[in-house]
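data.cif follows; it contains mmCIF, C-alpha atoms.
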data_my_file
loop_
_atom_site.label_atom_id
_atom_site.label_comp_id
_atom_site.auth_asym_id
_atom_site.auth_seq_id
_atom_site.Cartn_x
_atom_site.Cartn_y
_atom_site.Cartn_z
CA LEU A 490 37.02 -79.04 -49.30
CA ALA A 491 35.77 -80.28 -52.66
CA GLN A 492 35.05 -83.69 -51.13
CA ALA A 493 33.23 -82.20 -48.15
CA VAL A 494 30.98 -80.12 -50.41
CA PRO A 495 30.37 -82.12 -53.61
CA PHE A 496 30.53 -80.27 -56.87
CA GLY A 497 26.92 -81.09 -57.65
CA SER A 498 25.82 -79.31 -54.50
CA TRP A 499 26.98 -75.97 -55.82
CA ARG A 500 24.45 -76.24 -58.63
CA GLY A 501 21.76 -76.39 -55.97
CA LEU A 502 22.67 -73.07 -54.36
CA ARG A 503 19.70 -71.57 -56.11
CA GLY A 504 17.43 -74.02 -54.28
CA SER A 505 15.64 -73.52 -51.02
CA ARG A 506 16.97 -71.15 -48.38
CA SER A 507 17.40 -74.02 -45.90
CA GLN A 508 19.60 -75.89 -48.40
CA GLN A 509 21.72 -72.79 -48.89
CA HIS A 510 22.13 -72.37 -45.14
CA ARG A 511 23.19 -76.01 -44.69
CA LEU A 512 25.75 -75.75 -47.49
CA MET A 513 27.17 -72.48 -46.14
CA ALA A 514 27.38 -73.92 -42.62
CA ARG A 515 29.28 -76.94 -43.98
CA LEU A 516 31.59 -74.66 -45.94
CA ARG A 517 32.35 -72.65 -42.80
CA GLU A 518 33.20 -75.85 -40.91
CA CYS A 519 35.62 -76.83 -43.66
CA ILE A 520 37.27 -73.41 -43.68
CA ASP A 521 37.59 -73.44 -39.88
CA SER A 522 39.24 -76.87 -39.99
CA LEU A 523 41.74 -75.62 -42.58
CA LEU A 524 42.38 -72.32 -40.77
CA PRO A 525 42.32 -73.13 -37.05
CA GLY A 526 44.12 -69.90 -36.21
CA LEU A 527 40.89 -67.99 -36.78
CA GLY A 528 39.42 -69.59 -33.64
CA ALA A 529 36.08 -71.24 -33.07
CA ARG A 530 32.97 -69.53 -34.26
CA PRO A 531 30.27 -68.64 -31.75
CA ALA A 532 27.40 -71.08 -31.32
CA VAL A 533 24.45 -70.33 -33.57
CA GLY A 534 21.71 -68.63 -31.63
CA ALA A 535 23.92 -67.87 -28.63
CA ALA A 536 22.74 -64.72 -26.87
CA THR A 537 25.53 -62.45 -25.66
CA GLU A 538 24.93 -59.62 -23.20
CA LEU A 539 27.03 -56.72 -24.38
CA ARG A 540 26.25 -54.34 -21.54
CA ASP A 541 25.02 -54.50 -17.96
CA GLY A 542 21.51 -55.28 -19.22
CA ALA A 543 19.90 -52.46 -17.26
CA PRO A 544 17.40 -50.28 -19.15
CA PRO A 545 18.36 -46.72 -20.08
CA ALA A 546 18.32 -44.58 -16.94
CA LEU A 547 16.29 -41.40 -16.65
CA ALA A 548 18.49 -38.55 -15.47
CA ALA A 549 17.08 -35.96 -13.08
CA GLY A 550 15.12 -33.35 -15.00
CA SER A 551 15.01 -35.42 -18.19
CA ASP A 552 11.99 -35.31 -20.47
CA PRO A 553 9.66 -38.22 -19.53
CA GLN A 554 8.15 -38.19 -23.04
CA ARG A 555 11.50 -38.70 -24.74
CA PHE A 556 12.58 -42.09 -26.06
CA TYR A 557 15.84 -43.49 -24.67
CA VAL A 558 17.62 -46.45 -26.23
CA LYS A 559 20.39 -48.84 -25.26
CA VAL A 560 21.78 -51.78 -27.23
CA THR A 561 22.11 -54.41 -24.52
CA GLY A 562 22.91 -57.61 -26.38
CA VAL A 563 23.10 -59.61 -29.56
CA THR A 564 21.87 -63.04 -30.62
CA ARG A 565 24.32 -64.51 -33.09
CA GLY A 566 22.88 -66.86 -35.66
CA MET A 567 20.84 -66.77 -38.84
CA PRO A 568 19.95 -63.97 -38.67
CA THR A 569 21.98 -62.04 -36.09
CA MET A 570 19.65 -59.97 -33.92
CA PHE A 571 20.54 -56.88 -31.87
CA ILE A 572 18.64 -56.54 -28.59
CA ILE A 573 17.55 -52.92 -28.11
CA THR A 574 16.09 -51.78 -24.79
CA VAL A 575 13.81 -48.76 -25.17
CA ARG A 576 12.48 -46.53 -22.41
CA ARG A 577 9.88 -43.82 -22.36
CA GLY A 578 8.85 -42.60 -18.94
CA ASP A 579 8.02 -45.63 -16.82
CA ALA A 580 7.53 -47.92 -19.81
CA VAL A 581 10.47 -50.18 -20.69
CA TRP A 582 10.52 -52.77 -23.47
CA GLN A 583 12.90 -54.66 -25.72
CA VAL A 584 12.90 -55.20 -29.45
CA GLN A 585 15.19 -57.41 -31.48
CA ARG A 586 16.23 -56.05 -34.84
CA ARG A 587 18.39 -57.18 -37.71
CA PHE A 588 21.04 -54.78 -38.95
CA ARG A 589 19.40 -54.72 -42.37
CA GLN A 590 16.29 -53.29 -40.69
CA VAL A 591 18.37 -50.35 -39.45
CA TRP A 592 19.25 -49.49 -43.03
CA SER A 593 15.63 -50.04 -44.10
CA VAL A 594 14.51 -47.41 -41.60
CA HIS A 595 17.34 -45.07 -42.62
CA ASN A 596 16.44 -45.30 -46.30
CA ALA A 597 12.74 -44.80 -45.52
CA LEU A 598 13.55 -41.64 -43.55
CA ILE A 599 15.76 -40.29 -46.33
CA ARG A 600 12.95 -40.84 -48.84
CA GLY A 601 10.59 -38.92 -46.57
CA LEU A 602 12.94 -36.09 -45.63
CA GLY A 603 14.78 -35.80 -48.93
CA ASN A 604 18.48 -36.03 -49.68
CA ALA A 605 18.93 -32.50 -48.38
CA ALA A 606 18.67 -33.96 -44.87
CA LEU A 607 22.06 -35.61 -45.37
CA ASP A 608 23.60 -32.16 -45.72
CA GLY A 609 21.78 -30.98 -42.62
CA GLY A 610 23.42 -33.29 -40.14
CA PHE A 611 21.13 -36.29 -40.53
CA PRO A 612 22.87 -39.26 -38.83
CA LYS A 613 24.09 -42.24 -40.81
CA PRO A 614 24.01 -45.89 -39.65
CA PRO A 615 27.21 -47.85 -39.00
CA PRO A 616 28.85 -49.27 -42.13
CA ARG A 617 27.67 -52.63 -43.36
CA THR A 618 31.23 -53.92 -43.69
CA THR A 619 34.46 -53.07 -41.90
CA LEU A 620 38.02 -54.29 -42.26
CA ARG A 621 37.55 -56.61 -39.29
CA SER A 622 34.38 -58.16 -40.70
CA ILE A 623 36.18 -58.84 -43.97
CA PHE A 624 38.88 -60.89 -42.22
CA HIS A 625 36.91 -62.35 -39.28
CA GLY A 626 33.33 -62.44 -40.56
CA HIS A 627 30.14 -60.74 -39.44
CA SER A 628 29.76 -63.13 -36.47
CA ASP A 629 33.02 -62.03 -34.86
CA ARG A 630 32.38 -60.93 -31.27
CA GLN A 631 34.58 -57.84 -31.38
CA PHE A 632 32.98 -56.74 -34.64
CA LEU A 633 29.48 -57.17 -33.18
CA GLU A 634 30.37 -55.30 -29.99
CA ASP A 635 31.73 -52.41 -32.04
CA ARG A 636 28.65 -52.45 -34.28
CA ALA A 637 26.39 -52.43 -31.19
CA ARG A 638 28.16 -49.35 -29.79
CA ARG A 639 27.88 -47.56 -33.12
CA LEU A 640 24.25 -48.61 -33.49
CA GLU A 641 23.40 -47.19 -30.08
CA ARG A 642 25.08 -43.86 -30.92
CA TYR A 643 23.22 -43.79 -34.23
CA LEU A 644 19.83 -44.37 -32.61
CA GLU A 645 20.51 -41.72 -29.98
CA ALA A 646 21.49 -39.24 -32.70
CA LEU A 647 18.39 -40.20 -34.68
CA ILE A 648 16.11 -39.50 -31.72
CA ASP A 649 17.88 -36.17 -31.15
CA TYR A 650 17.22 -35.32 -34.81
CA ILE A 651 13.59 -36.58 -34.68
CA PRO A 652 12.49 -36.06 -31.05
CA CYS A 653 8.77 -36.50 -31.85
CA VAL A 654 9.11 -40.20 -32.60
CA GLU A 655 5.34 -40.83 -32.67
CA GLN A 656 5.01 -38.47 -35.66
CA CYS A 657 7.56 -40.46 -37.67
CA GLU A 658 5.96 -43.73 -38.76
CA ALA A 659 9.14 -45.58 -39.79
CA LEU A 660 11.06 -44.75 -36.62
CA TYR A 661 8.06 -45.38 -34.37
CA LYS A 662 7.52 -48.82 -35.89
CA PHE A 663 11.20 -49.65 -35.52
CA LEU A 664 11.27 -48.76 -31.81
CA CYS A 665 7.78 -49.83 -30.74
CA PHE A 666 6.04 -52.29 -33.03
CA VAL A 667 6.00 -56.07 -32.65
CA ASN A 668 4.54 -58.76 -34.91
CA LEU A 669 4.64 -56.59 -37.99
CA PRO A 670 4.04 -58.19 -41.38
CA ARG A 671 7.33 -59.28 -42.90
CA TRP A 672 6.96 -56.89 -45.81
CA ASP A 673 6.60 -53.92 -43.46
CA LEU A 674 10.26 -52.90 -43.00
CA ASP A 675 10.92 -56.56 -42.21
CA LEU A 676 10.32 -55.81 -38.51
CA ARG A 677 9.05 -58.95 -36.80
CA TYR A 678 10.66 -59.25 -33.39
CA GLY A 679 9.90 -57.60 -30.06
CA GLU A 680 8.90 -58.30 -26.49
CA MET A 681 7.69 -56.34 -23.46
CA VAL A 682 9.94 -56.03 -20.42
CA GLY A 683 7.94 -53.79 -18.10
CA GLY A 684 5.84 -50.67 -17.76
CA GLY A 685 2.85 -49.65 -19.83
CA SER A 686 2.57 -49.00 -23.54
CA PRO A 687 4.21 -49.43 -26.08
CA PRO A 688 5.21 -51.70 -27.82
CA VAL A 689 2.36 -51.89 -30.27
CA ASP A 690 1.10 -55.13 -31.75
CA ALA A 691 0.34 -54.49 -35.40
CA SER A 692 -1.92 -57.53 -35.57
CA ALA A 693 -4.29 -56.15 -32.90
#
Produce structure tokens that represent the structure in this file.
Amino acid sequence: LAQAVPFGSWRGLRGSRSQQHRLMARLRECIDSLLPGLGARPAVGAATELRDGAPPALAAGSDPQRFYVKVTGVTRGMPTMFIITVRRGDAVWQVQRRFRQVWSVHNALIRGLGNAALDGGFPKPPPRTTLRSIFHGHSDRQFLEDRARRLERYLEALIDYIPCVEQCEALYKFLCFVNLPRWDLDLRYGEMVGGGSPPVDASA
């Protein structure tokens, strides 16, 4: 391991982000070769469909103005992106979000609503780390599938708690905006699937 990653390289960990990524990728390869029982890691950037891929269905008598969400897939890589399909009436679109963005939205909502909201049933995102992620890593398929299920339940609970999504800037941006500046909740990924508006292009 020491030969594969020279000692001098560790001093450069404070260098560029690309250098850090290359060193960490090499370190993972070395660990995998020493511990083959852990199995092969998924290919970087491989998109995995976690569900049937169909958009959230509108039940008979459901509110056409309500937002419906479904976590339909994940792209594993640097960073890992969760594919979220959103529906409102006839409009259907997809956004890709990092898990850290989920917590960014949560913290923004808590700042706006106050800590008292936590005592009033305000939903909480899935944990950042679980026992499985500790032993198998955050790229483990089973861990990501479980996180996707929990993320979907969290978003559904969040919309139940804040049904007027358009009046909540942080949540509306998370579900609808594409091409946001990086500093704005770090939300940068999204694409249209079908229907009318949204998503909203912040650069327009």
* Asked: A:Lys662, A:Arg565, A:Arg577, A:Lys613: which is nearest A:Asn596, counting only C-alpha atoms?
  ->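 The answer is A:Lys613, which sits nearest to A:Asn596.
A distance cut-off of 12 Å around (33.0, -56.5, -30.6), counting only C-alpha atoms, selects these protein and nucleic acid residues: Thr537, Glu538, Leu539, Arg540, Gly562, Val563, Thr619, Arg621, Ser622, His625, Gly626, His627, Ser628, Asp629, Arg630, Gln631, Phe632, Leu633, Glu634, Asp635, Arg636, Ala637, Arg638 and Arg639 of chain A.
The gap separating atom CA of A:Arg586 from atom CA of A:Ile572 is 6.7 Å, in Å to one decimal.
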* Between atom CA of A:Tyr557 and atom CA of A:Arg642, what is the distance, to one decimal in Å? ->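 According to the coordinates, atom CA of A:Tyr557 and atom CA of A:Arg642 are separated by 11.2 Å.
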* Starting from the shown file, work through the PyMOL selection byres ((chain A and resi 588) around 10) and note down what comes out as an MDAnalysis selection string. => chainID A and resid 568:571 585:587 589:593 614:615 617 636:637 640
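For the pair atom CA of A:Gly566 and atom CA of A:Pro616, the interatomic distance is 19.7 Å.
Closest to A:Ile651 among A:Leu607, A:Val575, A:Phe666, A:Pro612 is A:Pro612, based on all atoms listed in the file.
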* Have a look at A:Ile573, A:Leu602, A:Val560, A:Met567 and name the one nearest to A:Cys657; count all atoms listed in the file. =>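 Smallest distance to A:Cys657 is found for A:Leu602.
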What residues come out when you apply the PyMOL selection byres ((chain A and resi 648) around 12) to this file, written as a tab-separated table (two decimals) with C-alpha atoms, in the frame of the given file?
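For reference, selection_1.tsv as written:
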chain	number	residue	atom	x	y	z
A	554	GLN	CA	8.15	-38.19	-23.04
A	555	ARG	CA	11.50	-38.70	-24.74
A	556	PHE	CA	12.58	-42.09	-26.06
A	557	TYR	CA	15.84	-43.49	-24.67
A	558	VAL	CA	17.62	-46.45	-26.23
A	575	VAL	CA	13.81	-48.76	-25.17
A	611	PHE	CA	21.13	-36.29	-40.53
A	612	PRO	CA	22.87	-39.26	-38.83
A	641	GLU	CA	23.40	-47.19	-30.08
A	642	ARG	CA	25.08	-43.86	-30.92
A	643	TYR	CA	23.22	-43.79	-34.23
A	644	LEU	CA	19.83	-44.37	-32.61
A	645	GLU	CA	20.51	-41.72	-29.98
A	646	ALA	CA	21.49	-39.24	-32.70
A	647	LEU	CA	18.39	-40.20	-34.68
A	649	ASP	CA	17.88	-36.17	-31.15
A	650	TYR	CA	17.22	-35.32	-34.81
A	651	ILE	CA	13.59	-36.58	-34.68
A	652	PRO	CA	12.49	-36.06	-31.05
A	653	CYS	CA	8.77	-36.50	-31.85
A	654	VAL	CA	9.11	-40.20	-32.60
A	655	GLU	CA	5.34	-40.83	-32.67
A	656	GLN	CA	5.01	-38.47	-35.66
A	657	CYS	CA	7.56	-40.46	-37.67
A	660	LEU	CA	11.06	-44.75	-36.62
A	661	TYR	CA	8.06	-45.38	-34.37
A	663	PHE	CA	11.20	-49.65	-35.52
A	664	LEU	CA	11.27	-48.76	-31.81
* Asked: Taking all atoms listed in the file into account, which of A:Ala659, A:Thr574, A:Leu620, A:Thr561 comes nearest A:Arg600?
  ->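 Of all the options, A:Ala659 lies closest to A:Arg600.
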Six-sided padding of 5 Å per side, axis-aligned box over stretch 582-589 of chain A, centre and edges in Å, one decimal, as AutoDock Vina command-line options:
--center_x 15.8 --center_y -55.1 --center_z -32.9 --size_x 20.5 --size_y 14.6 --size_z 28.9
* Find the residue from A:Ile623, A:Ala605, A:Pro553, A:Gly610 that sits nearest to A:Asp579; use all atoms listed in the file when measuring. =>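 Among A:Ile623, A:Ala605, A:Pro553, A:Gly610, it is A:Pro553 that comes nearest to A:Asp579.
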